[in-house]
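Text of structure28.cif (mmCIF, C-alpha atoms) as supplied:
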data_start
#
loop_
_atom_site.label_atom_id
_atom_site.label_comp_id
_atom_site.auth_asym_id
_atom_site.auth_seq_id
_atom_site.Cartn_x
_atom_site.Cartn_y
_atom_site.Cartn_z
CA MET Z 14 3.84 34.03 18.43
CA SER Z 15 3.80 32.02 15.18
CA ASP Z 16 3.57 33.82 11.87
CA LEU Z 17 0.06 33.26 10.52
CA GLY Z 18 0.72 35.29 7.39
CA TRP Z 19 -0.37 34.52 3.86
CA ASN Z 20 0.44 31.09 2.45
CA PRO Z 21 -0.04 30.29 -1.26
CA LEU Z 22 -1.68 26.97 -0.31
CA HIS Z 23 -4.47 28.77 1.59
CA GLY Z 24 -7.61 29.73 -0.25
CA VAL Z 25 -6.85 27.82 -3.45
CA PRO Z 26 -9.77 28.31 -5.85
CA SER Z 27 -11.75 25.33 -7.07
CA TYR Z 28 -10.52 23.77 -10.27
CA PRO Z 29 -13.03 24.82 -12.96
CA ALA Z 30 -15.51 21.98 -13.50
CA GLU Z 31 -15.53 22.50 -17.26
CA ARG Z 32 -11.77 21.86 -17.36
CA TYR Z 33 -12.00 18.24 -16.14
CA ALA Z 34 -13.12 17.12 -19.58
CA VAL Z 35 -10.24 19.08 -21.12
CA LEU Z 36 -7.77 17.27 -18.84
CA ALA Z 37 -9.30 13.92 -19.81
CA ASP Z 38 -8.97 14.74 -23.50
CA ARG Z 39 -5.34 15.78 -23.06
CA ILE Z 40 -4.58 12.48 -21.32
CA GLY Z 41 -6.38 10.63 -24.11
CA GLY Z 42 -4.08 12.39 -26.56
CA ILE Z 43 -0.97 11.28 -24.67
CA LEU Z 44 -2.27 7.70 -24.61
CA ARG Z 45 -3.41 7.79 -28.25
CA SER Z 46 -6.74 6.50 -27.00
CA ARG Z 47 -10.24 7.04 -28.34
CA GLY Z 48 -11.66 5.23 -25.29
CA ASP Z 49 -13.27 6.96 -22.35
CA ILE Z 50 -10.82 8.66 -19.97
CA VAL Z 51 -11.93 8.81 -16.34
CA LEU Z 52 -10.14 10.68 -13.57
CA VAL Z 53 -9.60 9.17 -10.13
CA GLN Z 54 -8.98 11.50 -7.21
CA ALA Z 55 -6.30 9.35 -5.61
CA GLU Z 56 -2.88 7.81 -6.16
CA ALA Z 57 -2.79 5.29 -9.00
CA VAL Z 58 -2.90 2.20 -6.78
CA VAL Z 59 -6.51 3.20 -6.01
CA ALA Z 60 -7.29 3.33 -9.74
CA LEU Z 61 -5.72 -0.12 -10.13
CA GLU Z 62 -7.86 -1.52 -7.34
CA ALA Z 63 -10.93 0.17 -8.83
CA ALA Z 64 -10.30 -1.64 -12.12
CA ALA Z 65 -10.03 -4.99 -10.33
CA VAL Z 66 -13.08 -4.41 -8.11
CA SER Z 67 -15.18 -3.26 -11.06
CA LEU Z 68 -14.30 -6.31 -13.15
CA ALA Z 69 -14.30 -9.04 -10.49
CA ARG Z 70 -17.31 -11.29 -10.01
CA PRO Z 71 -18.06 -15.02 -9.73
CA GLY Z 72 -17.65 -16.69 -13.10
CA LEU Z 73 -14.95 -14.28 -14.37
CA SER Z 74 -11.67 -15.99 -15.29
CA ALA Z 75 -8.40 -14.02 -15.31
CA LEU Z 76 -4.75 -14.60 -16.15
CA ASN Z 77 -2.66 -12.29 -13.99
CA LEU Z 78 0.99 -11.76 -14.98
CA VAL Z 79 3.00 -11.05 -11.84
CA THR Z 80 6.36 -9.27 -11.98
CA SER Z 81 6.00 -7.11 -8.85
CA PRO Z 82 3.91 -6.66 -5.71
CA TYR Z 83 1.42 -4.59 -7.74
CA GLY Z 84 0.66 -7.54 -10.01
CA ASP Z 85 0.22 -9.77 -6.98
CA TRP Z 86 -2.18 -7.27 -5.40
CA PHE Z 87 -4.24 -7.10 -8.59
CA GLY Z 88 -4.79 -10.85 -8.45
CA GLN Z 89 -5.81 -10.65 -4.80
CA TRP Z 90 -8.35 -7.92 -5.55
CA LEU Z 91 -9.88 -9.99 -8.36
CA ARG Z 92 -10.14 -13.06 -6.12
CA ARG Z 93 -11.75 -11.00 -3.37
CA GLY Z 94 -14.56 -10.19 -5.82
CA GLY Z 95 -15.13 -13.85 -6.63
CA ALA Z 96 -13.13 -14.15 -9.87
CA THR Z 97 -11.10 -17.24 -10.72
CA VAL Z 98 -7.49 -16.10 -11.08
CA ARG Z 99 -4.41 -17.88 -12.37
CA ASN Z 100 -1.17 -16.07 -11.54
CA LEU Z 101 1.73 -16.48 -13.95
CA VAL Z 102 4.68 -15.43 -11.78
CA ALA Z 103 7.93 -14.44 -13.50
CA GLU Z 104 11.35 -15.34 -12.19
CA PRO Z 105 12.20 -13.00 -9.27
CA GLY Z 106 12.91 -9.49 -10.54
CA LEU Z 107 12.69 -10.48 -14.24
CA PRO Z 108 10.19 -9.87 -17.06
CA VAL Z 109 7.60 -12.47 -17.90
CA GLU Z 110 8.54 -14.79 -20.76
CA ILE Z 111 6.24 -14.58 -23.79
CA ASP Z 112 6.39 -18.35 -24.35
CA ALA Z 113 5.11 -18.88 -20.80
CA VAL Z 114 2.22 -16.49 -21.48
CA ALA Z 115 1.27 -18.34 -24.67
CA LYS Z 116 1.41 -21.67 -22.87
CA ALA Z 117 -0.76 -20.39 -20.01
CA LEU Z 118 -3.37 -19.05 -22.44
CA ASP Z 119 -3.46 -22.28 -24.39
CA ALA Z 120 -3.75 -24.45 -21.28
CA GLY Z 121 -7.40 -23.45 -20.79
CA PRO Z 122 -10.02 -22.88 -19.62
CA HIS Z 123 -11.14 -19.71 -21.40
CA ILE Z 124 -9.70 -16.45 -20.03
CA ASP Z 125 -11.89 -13.34 -19.85
CA VAL Z 126 -9.28 -10.85 -18.56
CA LEU Z 127 -5.50 -10.62 -18.78
CA ALA Z 128 -3.65 -8.17 -16.50
CA VAL Z 129 -0.02 -7.08 -16.78
CA VAL Z 130 2.30 -4.30 -15.59
CA HIS Z 131 4.13 -2.66 -18.51
CA ALA Z 132 7.32 -1.37 -16.85
CA GLU Z 133 8.46 -2.08 -13.30
CA SER Z 134 10.17 0.62 -11.27
CA ALA Z 135 10.83 -2.01 -8.57
CA SER Z 136 13.32 -3.92 -10.71
CA GLY Z 137 13.88 -1.82 -13.83
CA ILE Z 138 12.40 -4.42 -16.18
CA LEU Z 139 10.10 -4.03 -19.19
CA ASN Z 140 7.51 -6.69 -19.94
CA PRO Z 141 7.02 -7.64 -23.64
CA LEU Z 142 3.71 -5.78 -23.88
CA PRO Z 143 3.08 -5.76 -27.67
CA GLU Z 144 3.63 -9.51 -27.90
CA ILE Z 145 1.42 -10.19 -24.87
CA LEU Z 146 -1.37 -8.04 -26.29
CA THR Z 147 -1.16 -9.80 -29.65
CA LEU Z 148 -1.78 -13.11 -27.91
CA ALA Z 149 -4.71 -11.65 -25.94
CA ARG Z 150 -6.35 -9.97 -28.95
CA ALA Z 151 -6.26 -13.21 -30.93
CA ARG Z 152 -8.28 -14.86 -28.15
CA GLY Z 153 -10.78 -12.03 -27.56
CA ILE Z 154 -9.47 -11.34 -24.05
CA VAL Z 155 -10.09 -8.01 -22.29
CA THR Z 156 -6.70 -6.57 -21.29
CA VAL Z 157 -5.75 -4.48 -18.26
CA VAL Z 158 -2.38 -2.72 -18.38
CA ASP Z 159 -0.70 -0.96 -15.47
CA GLY Z 160 1.06 1.87 -17.30
CA VAL Z 161 1.65 3.98 -14.20
CA ALA Z 162 5.44 3.89 -14.53
CA SER Z 163 5.74 3.55 -18.28
CA VAL Z 164 3.57 6.40 -19.58
CA GLY Z 165 5.93 9.08 -20.87
CA GLY Z 166 8.94 6.78 -20.55
CA HIS Z 167 7.93 4.29 -23.23
CA GLN Z 168 5.60 4.23 -26.21
CA LEU Z 169 2.10 3.39 -24.96
CA GLU Z 170 -0.35 3.85 -27.83
CA LEU Z 171 -3.50 2.22 -26.57
CA ASP Z 172 -5.60 2.00 -29.73
CA ASP Z 173 -2.77 0.59 -31.85
CA LEU Z 174 -1.90 -1.95 -29.14
CA GLY Z 175 -5.53 -2.87 -28.48
CA ILE Z 176 -5.49 -2.16 -24.73
CA ASP Z 177 -8.94 -2.24 -23.13
CA ILE Z 178 -8.13 -0.74 -19.73
CA ALA Z 179 -4.98 1.26 -19.01
CA VAL Z 180 -4.23 2.75 -15.61
CA ILE Z 181 -1.78 5.64 -15.42
CA GLY Z 182 -0.43 8.04 -12.85
CA PRO Z 183 1.36 11.27 -13.73
CA GLN Z 184 3.89 11.12 -10.86
CA LYS Z 185 6.67 9.25 -12.66
CA ALA Z 186 7.82 9.91 -16.23
CA LEU Z 187 5.27 12.70 -16.73
CA GLY Z 188 6.67 14.57 -13.72
CA GLY Z 189 3.27 15.36 -12.21
CA PRO Z 190 1.39 14.91 -8.91
CA ALA Z 191 0.87 11.58 -7.15
CA GLY Z 192 -2.60 12.39 -5.82
CA VAL Z 193 -4.61 11.97 -9.02
CA SER Z 194 -4.69 9.22 -11.64
CA ALA Z 195 -6.60 8.19 -14.75
CA LEU Z 196 -7.93 5.19 -16.64
CA SER Z 197 -8.66 4.68 -20.31
CA ILE Z 198 -11.57 2.28 -20.81
CA SER Z 199 -12.73 0.77 -24.10
CA GLN Z 200 -16.35 -0.01 -24.93
CA ARG Z 201 -15.53 -3.72 -24.73
CA ALA Z 202 -14.25 -3.23 -21.19
CA TRP Z 203 -17.32 -1.20 -20.23
CA ASP Z 204 -19.54 -4.03 -21.49
CA LEU Z 205 -17.75 -6.44 -19.15
CA ILE Z 206 -17.69 -4.01 -16.21
CA LEU Z 207 -21.41 -3.18 -16.46
CA LYS Z 208 -22.52 -6.76 -17.05
CA ASP Z 209 -24.58 -8.41 -14.27
CA GLY Z 210 -24.65 -5.37 -12.00
CA ALA Z 211 -21.43 -3.49 -11.41
CA PRO Z 212 -20.42 -2.26 -7.92
CA ARG Z 213 -21.85 1.17 -7.16
CA ASP Z 214 -21.57 3.98 -4.60
CA SER Z 215 -17.85 3.53 -3.95
CA ILE Z 216 -14.59 5.31 -4.71
CA LEU Z 217 -13.64 1.97 -6.30
CA SER Z 218 -16.63 1.94 -8.67
CA LEU Z 219 -15.82 2.63 -12.30
CA ALA Z 220 -19.55 2.41 -12.98
CA ASP Z 221 -19.96 5.53 -10.83
CA LEU Z 222 -17.35 7.31 -12.93
CA LYS Z 223 -19.24 6.25 -16.06
CA ARG Z 224 -22.05 8.46 -14.81
CA TRP Z 225 -19.68 11.44 -15.12
CA ILE Z 226 -19.23 10.58 -18.79
CA ASP Z 227 -22.92 9.91 -19.39
CA ASP Z 228 -23.84 13.23 -17.71
CA GLY Z 229 -21.66 15.23 -20.08
CA ARG Z 230 -18.38 15.22 -18.12
CA ARG Z 231 -19.22 18.24 -16.01
CA VAL Z 232 -18.76 17.85 -12.25
CA LEU Z 233 -16.71 14.99 -10.88
CA PRO Z 234 -18.27 12.95 -8.07
CA GLY Z 235 -17.09 13.89 -4.59
CA THR Z 236 -15.15 17.04 -3.72
CA PRO Z 237 -12.12 17.36 -6.01
CA ALA Z 238 -8.82 18.51 -4.49
CA PRO Z 239 -7.95 21.54 -6.62
CA LEU Z 240 -4.19 21.51 -5.99
CA GLU Z 241 -3.85 18.05 -7.53
CA PHE Z 242 -5.70 19.06 -10.68
CA PHE Z 243 -3.83 22.34 -11.09
CA ALA Z 244 -0.61 20.33 -10.70
CA LEU Z 245 -1.79 17.78 -13.27
CA ALA Z 246 -2.61 20.56 -15.72
CA ALA Z 247 0.86 22.05 -15.19
CA ALA Z 248 2.50 18.66 -15.79
CA LEU Z 249 0.55 18.21 -19.03
CA ASP Z 250 1.59 21.74 -20.06
CA ARG Z 251 5.24 20.71 -19.66
CA VAL Z 252 4.78 17.44 -21.53
CA GLU Z 253 3.00 19.12 -24.41
CA ALA Z 254 5.60 21.93 -24.58
CA GLU Z 255 8.46 19.41 -24.73
CA GLY Z 256 6.55 17.02 -26.98
CA LEU Z 257 5.66 13.48 -25.92
CA GLU Z 258 8.13 11.89 -28.34
CA ASN Z 259 10.88 14.08 -26.91
CA VAL Z 260 9.91 13.11 -23.34
CA ILE Z 261 10.13 9.43 -24.29
CA GLY Z 262 13.40 10.05 -26.14
CA ARG Z 263 14.86 11.81 -23.10
CA HIS Z 264 14.10 8.77 -20.96
CA ALA Z 265 15.58 6.40 -23.55
CA GLN Z 266 18.75 8.53 -23.71
CA ALA Z 267 19.05 8.64 -19.91
CA ALA Z 268 18.70 4.85 -19.74
CA SER Z 269 21.25 4.27 -22.50
CA ALA Z 270 23.75 6.70 -20.96
CA THR Z 271 23.33 5.17 -17.50
CA ARG Z 272 24.06 1.68 -18.82
CA ALA Z 273 27.03 2.91 -20.84
CA GLY Z 274 28.43 4.56 -17.71
CA LEU Z 275 27.89 1.44 -15.60
CA ALA Z 276 29.57 -0.76 -18.22
CA ALA Z 277 32.60 1.55 -18.27
CA LEU Z 278 32.58 1.48 -14.48
CA GLY Z 279 32.76 -2.30 -14.56
CA ALA Z 280 29.27 -2.75 -13.07
CA GLY Z 281 26.69 -5.02 -14.67
CA SER Z 282 23.07 -4.06 -15.29
CA TRP Z 283 20.50 -6.50 -13.93
CA VAL Z 284 18.85 -7.26 -17.28
CA PRO Z 285 19.91 -6.68 -20.92
CA ALA Z 286 18.78 -3.45 -22.55
CA ALA Z 287 16.04 -5.20 -24.56
CA LYS Z 288 14.37 -6.29 -21.31
CA ALA Z 289 15.06 -3.11 -19.32
CA SER Z 290 12.83 -0.10 -18.81
CA ASN Z 291 13.81 3.50 -19.50
CA LEU Z 292 12.80 4.52 -15.98
CA VAL Z 293 15.39 3.02 -13.65
CA THR Z 294 18.48 0.90 -14.08
CA ALA Z 295 18.94 -1.93 -11.61
CA VAL Z 296 22.47 -3.10 -10.85
CA ARG Z 297 23.66 -6.49 -9.69
CA MET Z 298 25.44 -6.46 -6.35
CA PRO Z 299 29.11 -7.49 -6.36
CA GLU Z 300 29.65 -10.54 -4.22
CA GLY Z 301 29.96 -9.70 -0.54
CA LEU Z 302 28.25 -6.28 -0.79
CA THR Z 303 24.71 -5.31 0.15
CA PRO Z 304 22.44 -2.64 -1.34
CA ALA Z 305 22.20 -0.88 2.04
CA ALA Z 306 25.96 -0.32 2.28
CA LEU Z 307 26.30 1.12 -1.22
CA ILE Z 308 23.18 3.26 -0.86
CA ALA Z 309 24.48 4.72 2.41
CA SER Z 310 27.85 5.57 0.81
CA ALA Z 311 26.15 7.28 -2.14
CA GLY Z 312 23.91 9.16 0.29
CA CYS Z 313 26.99 10.68 1.95
CA LEU Z 314 27.65 12.32 -1.44
CA GLY Z 315 24.12 13.69 -1.57
CA VAL Z 316 22.94 11.20 -4.22
CA GLU Z 317 19.84 9.12 -3.60
CA LEU Z 318 20.08 5.55 -4.85
CA ALA Z 319 17.52 2.93 -3.80
CA ALA Z 320 17.20 -0.79 -3.25
CA GLY Z 321 14.85 -2.82 -5.39
CA THR Z 322 11.56 -3.84 -3.81
CA GLY Z 323 9.88 -7.19 -3.42
CA ALA Z 324 11.70 -9.91 -5.35
CA ALA Z 325 14.26 -7.32 -6.51
CA ALA Z 326 15.38 -6.28 -3.01
CA HIS Z 327 18.90 -7.56 -3.75
CA LEU Z 328 19.44 -4.88 -6.42
CA VAL Z 329 20.42 -1.20 -6.34
CA ARG Z 330 18.33 1.09 -8.54
CA LEU Z 331 19.56 4.22 -10.31
CA ASN Z 332 16.52 6.40 -10.92
CA HIS Z 333 16.29 8.38 -14.18
CA THR Z 334 12.54 9.00 -14.29
CA GLY Z 335 10.72 12.26 -15.01
CA PRO Z 336 12.91 15.32 -14.32
CA ARG Z 337 15.72 12.91 -13.36
CA ALA Z 338 16.00 11.81 -16.99
CA ALA Z 339 18.75 14.37 -17.56
CA PHE Z 340 22.52 14.39 -18.01
CA GLN Z 341 23.39 15.81 -14.60
CA THR Z 342 21.32 13.25 -12.68
CA VAL Z 343 22.59 10.34 -14.77
CA LEU Z 344 26.18 11.45 -14.20
CA SER Z 345 25.63 11.96 -10.46
CA ASN Z 346 24.00 8.54 -10.08
CA VAL Z 347 26.78 6.61 -11.81
CA VAL Z 348 29.64 8.56 -10.23
CA ALA Z 349 28.11 8.13 -6.77
CA TYR Z 350 27.68 4.40 -7.37
CA GLY Z 351 31.30 4.17 -8.50
CA ALA Z 352 32.47 6.11 -5.44
CA ALA Z 353 30.44 3.75 -3.23
CA LEU Z 354 32.16 0.76 -4.84
CA ARG Z 355 35.55 2.31 -4.20
CA GLN Z 356 34.57 3.05 -0.61
CA ALA Z 357 33.86 -0.69 -0.28
CA GLY Z 358 37.31 -1.52 -1.63
CA ARG Z 359 36.22 -2.48 -5.15
CA ALA Z 360 37.67 -1.26 -8.43
CA ALA Z 361 35.64 1.34 -10.32
CA ASP Z 362 36.86 3.45 -13.25
CA ILE Z 363 34.87 6.61 -12.55
CA ALA Z 364 36.67 8.69 -15.20
CA ALA Z 365 35.85 6.14 -17.90
CA ALA Z 366 32.22 6.06 -16.73
CA ALA Z 367 31.93 9.85 -16.95
CA GLU Z 368 33.42 9.80 -20.46
CA ALA Z 369 30.98 7.10 -21.55
CA ILE Z 370 28.01 9.09 -20.26
CA ALA Z 371 29.24 12.26 -21.98
CA ALA Z 372 29.69 10.32 -25.22
CA ALA Z 373 26.18 8.87 -24.98
CA TYR Z 374 24.75 12.37 -24.61
CA SER Z 375 26.82 13.79 -27.43
CA ARG Z 376 25.36 11.32 -29.95
#

Would you write the structure of this file as structure tokens?
Amino acid sequence: MSDLGWNPLHGVPSYPAERYAVLADRIGGILRSRGDIVLVQAEAVVALEAAAVSLARPGLSALNLVTSPYGDWFGQWLRRGGATVRNLVAEPGLPVEIDAVAKALDAGPHIDVLAVVHAESASGILNPLPEILTLARARGIVTVVDGVASVGGHQLELDDLGIDIAVIGPQKALGGPAGVSALSISQRAWDLILKDGAPRDSILSLADLKRWIDDGRRVLPGTPAPLEFFALAAALDRVEAEGLENVIGRHAQAASATRAGLAALGAGSWVPAAKASNLVTAVRMPEGLTPAALIASAGCLGVELAAGTGAAAHLVRLNHTGPRAAFQTVLSNVVAYGAALRQAGRAADIAAAAEAIAAAYSR
């Protein structure tokens, strides 16, 4: 007979309705945003699609900067709603070039919305967000930023940058749950969303979530999953206890130490540090080797490396996001990668790599 004894996941109490507004305010503090914060009871890709669906309509013109599958999806969602979309696609696995953005904006016709992903976990790149937003602000364009990966790993101060819609998920640098996400929405963005009849009565309707704000931010629509919100609150507790600047600094240190270790190992990072994110480091494959072979060798040592995705599938990624942004994980990643190179018959100075990582953490 199976044991049907007590389980801590059974009988979880409802998350207090009055605490949803508190969670929203705490997220607004992390984002340095005075805009409205709305909570979406789903993984962040749903919040991204909700932003596209709520904006899209015939007559809307958008410039969509594509550096990953997520950017490509955003353009598809806008087109599905009748918007006219121009995709500016970066070189495979690389950041978008700011000169190309300026040229696309100047080519006409007028652009209503510009969408961009800040940092890409798929390839380890960082798009030049401040420069892109400067171009958009000068032209009165409503901006949509996918900050799902970057929040907590990079500075993302929405009001100072002039971001109209930011989509975040707590499951990466913030170390929280994947089943809940949030958007920050400016008044300018609301004016565009609510113009000419916004979609209603849908999980993808931001106009429906606006009702939560207009009704005093009491009870969220639908039936909230309490575990996700308790987990989000716990993640925010940890972030606030550590301090957001310290969380960002920990990610920057992990990235710098990883790249120092790889350089000492004799392995090249995919992009220079100025174009790389603090979340993962992507490594070029030595000629004749495949990501799968090196990942399998590292896995035999109990270390999980990963291949890039989409256009970056030819890369190996070393993950130092969230709780992984720590000395022990950085050291394990680089040593395992070096051991995998040796297993493949390639030279790798693992001792020098370990010393470089230790030196990076001692500074």

| Nearest to Z:Val59 among Z:Asp250, Z:Asp159, Z:Asp214, Z:Glu110, with distances taken over only C-alpha atoms: which residue is it? | Z:Asp159

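The closest residue to Z:Ile111, picked from Z:Leu249, Z:Ala339, Z:Ala149, Z:Gly182 and counting only C-alpha atoms, is Z:Ala149.
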
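Minimum atom-to-atom distance to Z:Gly281, evaluated using all atoms listed in the file, belongs to Z:Gly351 out of Z:Thr156, Z:Gly351, Z:Glu241, Z:Gly84.
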
| said: Env of Z:Ala220: 10 Å cut, atoms = only C-alpha atoms, seq-sep filter 4 positions within chain, self excluded. Answer as a PyMOL selection string. | reply: chain Z and resi 63+67+203+206-207+210-215+224-225

| query | Got a sec to resolve the PyMOL selection byres ((chain Z and resi 70) around 6) on this structure and send the residues as an MDAnalysis selection string? | reply | chainID Z and resid 69 71 73 94:96
